[in-house]
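> Structure below; questions to follow.
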Amino acid sequence: MQTPTLFALLLLLILVAYGTGFSRALSAARSRGGLRNLASLPSYHGLFAALWCGLPALLLLGAWLIFDDAIIRFMVMHSIADKPDTIAGQNLLYAQIQNLSAGHLIGEASPQLQSAAEHLNQLRSNANTLQAFLILVLAVGLGAFALLRFSPELRAREKVEKVLRVILITCACAAIFTTVGILFSVLFESLRFFQSVPVSEFLFGLHWSPQMALRADQVGSSGAFGAVPLFTGTLMVSAIAMLVAVPVGLMAAIYLAEYASKRVRNVAKPIIEILAGVPTVVYGFFAALTVAPFIRELATSVGLQASSESALAAGLVMGIMIIPFVSSLSDDVINAVPQSLRDGALGLGSTQSETVRKVVIPAALPGIVGGVLLAVSRAIGETMIVVMAAGLAANLTANPLESVTTVTVQIVTLLVGDQEFDSPKTLAAFALGLMLFISTLVLNFIALHVVKKYREQYD
Amino acid sequence: MTNLTQTQVRERIEKNLASRHRTEKLFRGLGIASIAFGVLAVVILFSDIIGKGSGAFMQASIQLEVHYDTEVLGIDQVDDESLTWANFSGVIRQALRERFPSVTGRSDKRELYTLVSSGAPFTLRDRLAENPELLGKSEVVWFAADDDVDTFIKSLKDSKEGFRGRTSDQKAGWIEQLLETGELKKRFNTIFFTNGDSREPEQAGIRAALMGSLFTLLVTLALSFPIGVAAAIYLEEYAPKNRWTDLIEVNINNLAAVPSIVFGLLGLAIFINFFELPRSAPLVGGLVLTLMTLPTIIISSRAALKAVPPSIREAAMGMGASRMQVVFHHVLPLAMPGMLTGAIIGMAQALGETAPLLMIGMVAFIVDVPGGVTDPATVLPVQIFLWADSPERAFVERTSAAIMVLLSVLILMNASAVMLRKKLERRW
């Protein structure tokens with residue numbers, strides 16, 4: 001049976017269980033003279049039966065879908081007498097068997113492969129039948145069990161609420177699972193990477209050229225994994241972005257919070273916030289096709305050499321993207337500064353700008369710093385703009401008119417296309433991802449801490 | 001200070017006053033300039049995209065009288081097999097030769113054939129498959145012109161010469177001839193909305209990417225909304241104040257600021273490598289985007305729950321409702337509008353996301369429109385990324401047009417979120 005059909009059937013069974021539980025409770029109540037003689041309302045009896053019927057079966061189905069391929073593979077490979085020693089060889093062999101069983105292998109297949117493919121088909125159809133049988137038996141059996149347990153005294157509501165509570169807790173822990181998942185996936189592959197490339201070379205090496213040779217004796221076959229050019233490139237692009245975003249965002253926030261009339265504020269704020277909703281790929285397109293050529297022409301007209309993909313173009317556009325981020329965060333903290341501070345400063349005769357510069361900003365500074373740190377972590381992790389506009393060449397340069405490459409660009413270029421999880425080339429992307437994750441984590445942590453601490457001051 | 005008279009103090013202040021007011025003006029001017037910069041950026045961005053992309057909704061088309069000659073086609077009846085073998089390009093070539101009888105040389109003829117799109121035979125095949133009775137007869141059909149022709153005639157309005165590119169003088173002459181008689185016209189570009197991706201700009205469309213985006217978003221919504229709401233309910237209504245709860249909260253706040261590409265790495269390592277889910281599938285894309293949008297949805301759902309006044313909870317409790325009943329019967333329905341708004345904003349964020357989907361192989365060249373969540377697919381932002389990399393000039397136009405479609409959908413989503421908030425949100 002196909003999984004969707006099975007799933008639909010399961011849903012139907014759950015509905016039936018609910019309906020039966022509900023109507024049994026209702027008829028029991030009627031014969032006893034009213035709902036008040038039941039320990040729980042009929043809908044809870046229905047839910048009780050439905051949960052018993054559906055939950056274990058759904059969990060089993062989920063586990064089955066996750067593990068059945070791996071188990072079948074193990075059984076097929078186990079049955080083959082002379083299999084290759086390497087993981088790559090085994091993968092290839094299994095892929096051949098899979099293709100053969102699906103019926104689209106071109107060329108002659110050895111009898112051994114043929115029999116393995118037949119074995120695979122056999123196992124698959126067996127597994128399918130077994131799956132449908134087990135899940136339906138489980139659902140019907142447990143559903144019937146729950147219905148048999150029915151009695152007017154059954155405290156169905158409490159039991160249902162207990163299960164619901166566990167479900168709620170599981171959902172709340174999704175965030176932790178995600179973090180653990182990220183850590184595991186990045187850390188595990190990074191450790192494999194650092195087995196072939198020493199950590200010191202990765203962190204302090206000045207040369208980045210991650211290509212791996214096809215043959216071992218090829219010239220320059222080892223590849224170079226010194227990530228310093230990537231770090232400097234990332235820092236340069238982020239710095240340019242912050243140079244644009246922080247002054248503009250901050251001044252815009254100050255003007256909107258302290259000077260602007262309500263009408264101006266109502267118009268200007270949403271317009272600037274549009275910038276936050278534009279997808280990054282659109283900024284990338286804008287940077288690569290409009291801003292970069294413009295900068296190049298401008299540079300040529302004043303006699304400078306600019307490459308067609310420059311750090312300046314990417315940084316500038318990234319800055320524009322971050323403006324609303326900085327401005328809305330600063331707007332929040334500036335508005336949180338108590339009015340009494342402003343009134344005091346104005347009452348002593350300072351002008352409005354003096355009030356802002358000498359009283360409001362210092363009072364709001366921790367919040368603003370926190371916001372800027374969050375913006376920096378955003379700039380470091382931004383991908384599409386730099387992929388489309390900053391270039392691929394790992395240049396160790398301080399000239400913003402040259403093309404540079406960043407950590408995120410290299411992750412994308414290393415992982416788009418073919419991946420081999422036993423070559424340092426692919427694994428390097430995970431090591432870079434680890435660096436990215438750690439640095440943004442530290443920045444976020446500090447920023448959130450600073451913002452939180454500050455908030456407590458005036459509340 | 002003490003030995004200054006009042007007039008001296010006054011003089012000092014007045015001397016300073018002018019410069020202080022100048023600073024004030026400068027400061028205010030800087031503020032206005034910053035706002036203007038932001039607004040200008042929006043205007044330039046949008047006008048640039050619209051200016052580049054609006055042309056793509058019209059496509060140069062060529063009108064030809066084609067004769068479904070059984071001899072040229074090499075078939076004598078219409079069925080599935082004969083349609084795959086039939087020589088439709090021969091029919092189109094014949095039609096072009098008949099239209100320009102003066103062209104005789106071999107290379108000239110070859111150039112003539114490049115007037116129409118290389119996808120034209122498929123147009124003809126579909127026509128014949130739909131109307132089998134046309135076999136042996138003639139009819140007038142509009143074909144998409146080649147992208148070089150398209151680019152050329154669109155550039156004519158900017159300058160008299162136009163952008164020639166690969167177009168020779170001879171070809172330009174033919175094009176002008178066709179333009180004068182009205183056989184070459186710009187018509188509404190339906191292909192752009194009905195086709196999947198293609199290497200030929202005039203045959204490339206966004207349908208496959210739109211469907212891919214739709215499937216991906218459906219998976220994301222189906223997973224992230226229930227999980228996010230459940231997590232918010234637990235944290236807001238149940239969670240005891242302890243270390244574990246603090247840990248969950250710190251995690252959520254941190255995940256909200258983790259770069260999206262890291263989620264892509266997670267998807268690649270866990271969903272594709274470990275669980276061996278299909279590559280390039282909307283299912284995996286939806287899973288990755290679920291993890292990415294969960295923090296947004298949890299945070300906004302919590303805010304919505306917080307906004308429900310405690311008096312409601314107390315009243316329900318007072319009537320003997322259990323805690324679960326209070327939440328599910330009273331608090332949740334009142335918080336729903338706020339949660340839906342958050343969900344729409346989260347979905348808009350997911351719709352515009354590109355980087356993590358590149359990691360899980362949704363960047364492959366996929367022509368077919370996906371029919372389900374496990375079919376290989378691409379999404380609109382990734383399609384934009386792919387087209388932006390293509391060298392043909394006609395792709396620039398199409399990229400911008402795809403961006404326009406994407407931005408319209410996003411604006412629609414955000415506007416509906418704002419409307420929903422205004423209409424359904426209650427002030428207590």
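Within each chain, counting starts at residue 1; across the structure tokens, chains are named A, B, ... in the order shown, with ligands numbered 1 upward in that order.
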Give me the residues within 8 Å of Val376 in chain A as number ranges by chain, counting only C-alpha atoms and dropping any in the same chain fewer than 2 places off.
A: 238, 242, 372-374, 378-380, 443
> Show me, as a PDB file with C-alpha atoms, in the first residue's frame, the residues of chain B whose atoms get within 6 Å of chain A, using only C-alpha atoms for the distance check.

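Printed below is selection_36.pdb as written:
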ATOM      1  CA  GLU B  24      20.814  72.095  15.378  1.00  0.00           C
ATOM      2  CA  GLY B  31      18.096  63.293   9.850  1.00  0.00           C
ATOM      3  CA  SER B  34      18.914  59.844   6.108  1.00  0.00           C
ATOM      4  CA  ILE B  35      15.180  59.449   5.640  1.00  0.00           C
ATOM      5  CA  GLY B  38      16.120  55.358   2.641  1.00  0.00           C
ATOM      6  CA  ILE B 227       4.388  23.478  16.061  1.00  0.00           C
ATOM      7  CA  ALA B 230       1.939  24.731  20.393  1.00  0.00           C
ATOM      8  CA  ALA B 231       5.379  25.884  21.517  1.00  0.00           C
ATOM      9  CA  TYR B 234       3.481  25.909  26.323  1.00  0.00           C
ATOM     10  CA  ILE B 252      14.534  30.559  20.234  1.00  0.00           C
ATOM     11  CA  PRO B 259      22.097  33.093   9.300  1.00  0.00           C
ATOM     12  CA  LEU B 266      21.582  21.452   8.630  1.00  0.00           C
ATOM     13  CA  ALA B 269      23.679  17.077   6.598  1.00  0.00           C
ATOM     14  CA  GLY B 352      11.773  35.128  -0.248  1.00  0.00           C
TER      15      GLY B 352
END
> Just want the 10 Å neighbourhood of Val369 in chain A, counted on only C-alpha atoms, with same-chain residues fewer than 3 positions away dropped. Output as a list in words.
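Contacts, in chain order: Val326, Leu329, Ser330, Ala364, Leu365, Pro366, Val372, Leu373, Leu374, Ala375, Ile446, Ala447, Val450 and Val451 of chain A.
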> Which residues, written as number ranges by chain, have at least one atom at most 8 Å from Val396 in chain B, with only C-alpha atoms counted and residues fewer than 5 positions away on the same chain left out?
B: 52-53, 387-388
> Just the selected residues (N, CA, C and O atoms), exported as a short mmCIF file (atom, residue, chain, number, x, y, z; two decimals), in the first residue's frame, please.

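To be explicit, this is the file written out as result_32.cif:
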data_model
loop_
_atom_site.label_atom_id
_atom_site.label_comp_id
_atom_site.auth_asym_id
_atom_site.auth_seq_id
_atom_site.Cartn_x
_atom_site.Cartn_y
_atom_site.Cartn_z
N LYS B 52 13.37 47.51 -15.84
CA LYS B 52 14.05 46.41 -16.54
C LYS B 52 13.06 45.31 -16.91
O LYS B 52 13.22 44.64 -17.91
N GLY B 53 12.06 45.09 -16.04
CA GLY B 53 11.27 43.88 -16.20
C GLY B 53 9.96 44.02 -16.94
O GLY B 53 9.42 43.04 -17.42
N TRP B 387 18.48 32.69 -13.28
CA TRP B 387 18.36 33.52 -14.48
C TRP B 387 19.32 34.71 -14.43
O TRP B 387 19.82 35.14 -15.45
N ALA B 388 19.54 35.24 -13.22
CA ALA B 388 20.42 36.39 -13.10
C ALA B 388 21.84 36.03 -13.55
O ALA B 388 22.60 36.89 -13.96
#
> For Leu64 in chain B, work out the shell of residues within 10 Å, counting only C-alpha atoms and skipping chain neighbours fewer than 2 positions away, then give it as a PyMOL selection string.
chain B and resi 61-62+66-67+92+95-96+98-99+116+139-143+183-184
> Output N, CA and C atoms for every residue in that selection, as a JSON list (two decimals), in the first residue's frame.

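Dumped everything to selection35.json:
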[["chain", "number", "residue", "atom", "x", "y", "z"],
["B", 61, "SER", "N", 6.42, 38.22, -31.41],
["B", 61, "SER", "CA", 5.89, 37.01, -32.01],
["B", 61, "SER", "C", 5.82, 37.19, -33.52],
["B", 62, "ILE", "N", 5.98, 36.09, -34.22],
["B", 62, "ILE", "CA", 5.97, 36.14, -35.68],
["B", 62, "ILE", "C", 4.77, 35.34, -36.19],
["B", 66, "VAL", "N", 1.43, 28.27, -41.86],
["B", 66, "VAL", "CA", 2.07, 26.96, -41.94],
["B", 66, "VAL", "C", 1.13, 25.98, -42.63],
["B", 67, "HIS", "N", 1.74, 25.09, -43.36],
["B", 67, "HIS", "CA", 0.97, 24.06, -44.04],
["B", 67, "HIS", "C", 1.36, 22.72, -43.42],
["B", 92, "ILE", "N", 7.97, 24.55, -40.33],
["B", 92, "ILE", "CA", 8.22, 25.96, -40.04],
["B", 92, "ILE", "C", 9.24, 26.54, -41.01],
["B", 95, "ALA", "N", 7.55, 27.25, -44.18],
["B", 95, "ALA", "CA", 6.73, 28.46, -44.08],
["B", 95, "ALA", "C", 7.60, 29.70, -44.18],
["B", 96, "LEU", "N", 8.77, 29.67, -43.53],
["B", 96, "LEU", "CA", 9.67, 30.82, -43.58],
["B", 96, "LEU", "C", 10.21, 31.03, -44.99],
["B", 98, "GLU", "N", 8.72, 30.20, -47.73],
["B", 98, "GLU", "CA", 7.64, 30.74, -48.56],
["B", 98, "GLU", "C", 7.41, 32.22, -48.29],
["B", 99, "ARG", "N", 7.61, 32.62, -47.05],
["B", 99, "ARG", "CA", 7.41, 34.02, -46.71],
["B", 99, "ARG", "C", 8.51, 34.88, -47.35],
["B", 116, "VAL", "N", 12.58, 32.49, -35.77],
["B", 116, "VAL", "CA", 11.61, 32.00, -34.78],
["B", 116, "VAL", "C", 12.35, 31.22, -33.70],
["B", 139, "GLU", "N", -2.84, 26.85, -41.84],
["B", 139, "GLU", "CA", -3.42, 27.83, -40.93],
["B", 139, "GLU", "C", -2.37, 28.87, -40.57],
["B", 140, "VAL", "N", -2.84, 29.98, -40.00],
["B", 140, "VAL", "CA", -1.93, 31.05, -39.58],
["B", 140, "VAL", "C", -1.67, 30.90, -38.10],
["B", 141, "VAL", "N", -0.40, 30.82, -37.73],
["B", 141, "VAL", "CA", -0.05, 30.62, -36.32],
["B", 141, "VAL", "C", 0.93, 31.71, -35.89],
["B", 142, "TRP", "N", 0.78, 32.18, -34.65],
["B", 142, "TRP", "CA", 1.77, 33.09, -34.08],
["B", 142, "TRP", "C", 2.81, 32.28, -33.35],
["B", 143, "PHE", "N", 4.08, 32.50, -33.69],
["B", 143, "PHE", "CA", 5.17, 31.83, -32.98],
["B", 143, "PHE", "C", 5.95, 32.84, -32.18],
["B", 183, "GLU", "N", 3.39, 41.45, -39.33],
["B", 183, "GLU", "CA", 3.53, 40.01, -39.10],
["B", 183, "GLU", "C", 4.45, 39.73, -37.91],
["B", 184, "LEU", "N", 5.17, 40.77, -37.49],
["B", 184, "LEU", "CA", 6.00, 40.65, -36.30],
["B", 184, "LEU", "C", 5.48, 41.68, -35.32]]
> Would you kindly return, as a list in words, each protein, DNA or RNA residue with an atom no farther than 12 Å from any atom of Gly173 in chain B, considering only C-alpha atoms and excluding same-chain residues fewer than 3 positions away?
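After dropping sequence-adjacent residues, the list is Phe100, Leu112, Leu115, Val149, Phe152, Ile153, Glu161, Arg164, Thr167, Ser168, Asp169, Gln170, Glu176, Gln177, Leu178, Leu179 and Glu180 of chain B.
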> List as a list in words the protein and nucleic acid residues near range 419-428 of chain B, meaning an atom at most 12 Å away when only C-alpha atoms are counted, but skip any in the same chain fewer than 3 places from it.
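My reading of the contact set: Ala304, Lys306, Ala307, Val308, Pro309, Pro310, Ser311, Ile312, Pro333, Leu334, Ala335, Met336, Pro337, Gly338, Met339, Leu340, Thr341, Gly342, Ala343, Ile344, Ile345, Ile411, Leu412, Met413, Asn414, Ala415 and Ser416 of chain B.
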> Could you save those same residues with N, CA and C atoms as a CSV table (one decimal), in the first residue's frame?

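Result written to out.csv:
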chain,number,residue,atom,x,y,z
B,304,ALA,N,0.9,37.4,20.8
B,304,ALA,CA,-0.6,37.4,20.7
B,304,ALA,C,-1.2,36.8,21.9
B,306,LYS,N,0.1,36.9,24.9
B,306,LYS,CA,0.3,37.8,26.0
B,306,LYS,C,-0.7,38.9,26.0
B,307,ALA,N,-1.2,39.2,24.7
B,307,ALA,CA,-2.1,40.4,24.6
B,307,ALA,C,-3.5,40.0,25.1
B,308,VAL,N,-3.8,38.8,25.3
B,308,VAL,CA,-5.1,38.4,25.8
B,308,VAL,C,-5.1,38.7,27.3
B,309,PRO,N,-6.1,39.5,27.8
B,309,PRO,CA,-6.0,39.9,29.2
B,309,PRO,C,-6.3,38.8,30.2
B,310,PRO,N,-5.6,38.8,31.3
B,310,PRO,CA,-5.7,37.7,32.3
B,310,PRO,C,-7.1,37.5,32.8
B,311,SER,N,-7.9,38.6,32.7
B,311,SER,CA,-9.3,38.5,33.2
B,311,SER,C,-10.1,37.4,32.5
B,312,ILE,N,-9.8,37.2,31.2
B,312,ILE,CA,-10.5,36.1,30.5
B,312,ILE,C,-10.1,34.8,31.1
B,333,PRO,N,-8.7,31.2,20.7
B,333,PRO,CA,-9.5,31.8,19.7
B,333,PRO,C,-9.3,33.4,19.7
B,334,LEU,N,-9.1,33.9,20.9
B,334,LEU,CA,-8.9,35.4,20.9
B,334,LEU,C,-7.5,35.8,20.4
B,335,ALA,N,-6.5,34.9,20.5
B,335,ALA,CA,-5.2,35.2,20.1
B,335,ALA,C,-5.0,34.9,18.6
B,336,MET,N,-5.9,34.1,18.0
B,336,MET,CA,-5.7,33.6,16.7
B,336,MET,C,-5.4,34.7,15.6
B,337,PRO,N,-6.1,35.8,15.6
B,337,PRO,CA,-5.8,36.8,14.6
B,337,PRO,C,-4.3,37.2,14.6
B,338,GLY,N,-3.8,37.5,15.8
B,338,GLY,CA,-2.4,37.9,16.0
B,338,GLY,C,-1.5,36.8,15.5
B,339,MET,N,-1.8,35.5,15.8
B,339,MET,CA,-1.0,34.4,15.4
B,339,MET,C,-1.0,34.2,13.9
B,340,LEU,N,-2.2,34.4,13.3
B,340,LEU,CA,-2.2,34.3,11.8
B,340,LEU,C,-1.4,35.4,11.2
B,341,THR,N,-1.4,36.6,11.7
B,341,THR,CA,-0.6,37.7,11.2
B,341,THR,C,0.9,37.3,11.2
B,342,GLY,N,1.3,36.7,12.4
B,342,GLY,CA,2.6,36.3,12.5
B,342,GLY,C,3.0,35.2,11.5
B,343,ALA,N,2.0,34.3,11.3
B,343,ALA,CA,2.3,33.2,10.4
B,343,ALA,C,2.4,33.7,8.9
B,344,ILE,N,1.6,34.7,8.6
B,344,ILE,CA,1.7,35.2,7.2
B,344,ILE,C,3.1,35.9,7.0
B,345,ILE,N,3.5,36.7,8.0
B,345,ILE,CA,4.8,37.3,7.9
B,345,ILE,C,5.9,36.3,7.8
B,411,ILE,N,4.1,41.6,-1.4
B,411,ILE,CA,3.3,42.8,-1.0
B,411,ILE,C,1.9,42.4,-0.6
B,412,LEU,N,1.3,41.5,-1.4
B,412,LEU,CA,0.0,41.0,-1.2
B,412,LEU,C,-0.1,40.3,0.2
B,413,MET,N,0.9,39.5,0.5
B,413,MET,CA,0.9,38.8,1.8
B,413,MET,C,1.0,39.8,2.9
B,414,ASN,N,2.0,40.7,2.8
B,414,ASN,CA,2.1,41.6,3.9
B,414,ASN,C,0.9,42.5,4.1
B,415,ALA,N,0.3,43.0,3.0
B,415,ALA,CA,-0.8,43.8,3.0
B,415,ALA,C,-2.0,43.1,3.7
B,416,SER,N,-2.1,41.8,3.4
B,416,SER,CA,-3.2,41.0,4.0
B,416,SER,C,-2.9,40.8,5.5
> Which distance in Å separates CA of Met359 in chain B and CA of Leu291 in chain B, to one decimal?
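CA of Met359 in chain B sits 14.8 Å away from CA of Leu291 in chain B.
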> Would you list, as a ChimeraX atom specification, the residues of range 178-347 of chain A that end up in alpha helix (DSSP H) under DSSP run on this structure's backbone?
/A:178-196,199-204,228-254,262-277,280-286,292-301,311-336,339-347
> For CA of Trp174 in chain B and CA of Gln59 in chain B, determine how far apart the two atoms are, in Å to one decimal place.
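It comes out at 17.7 Å.
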> Rank nothing, just name the residue among B:Val39, B:Ala256, B:Ile298, B:Val78 nearest to Leu134 in chain B, using only C-alpha atoms.
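The answer is B:Val78, which sits nearest to Leu134 in chain B.
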> Using CA of Gly371 in chain A and CA of Ala313 in chain A as the two end points, give the distance in Å to one decimal.
23.6 Å
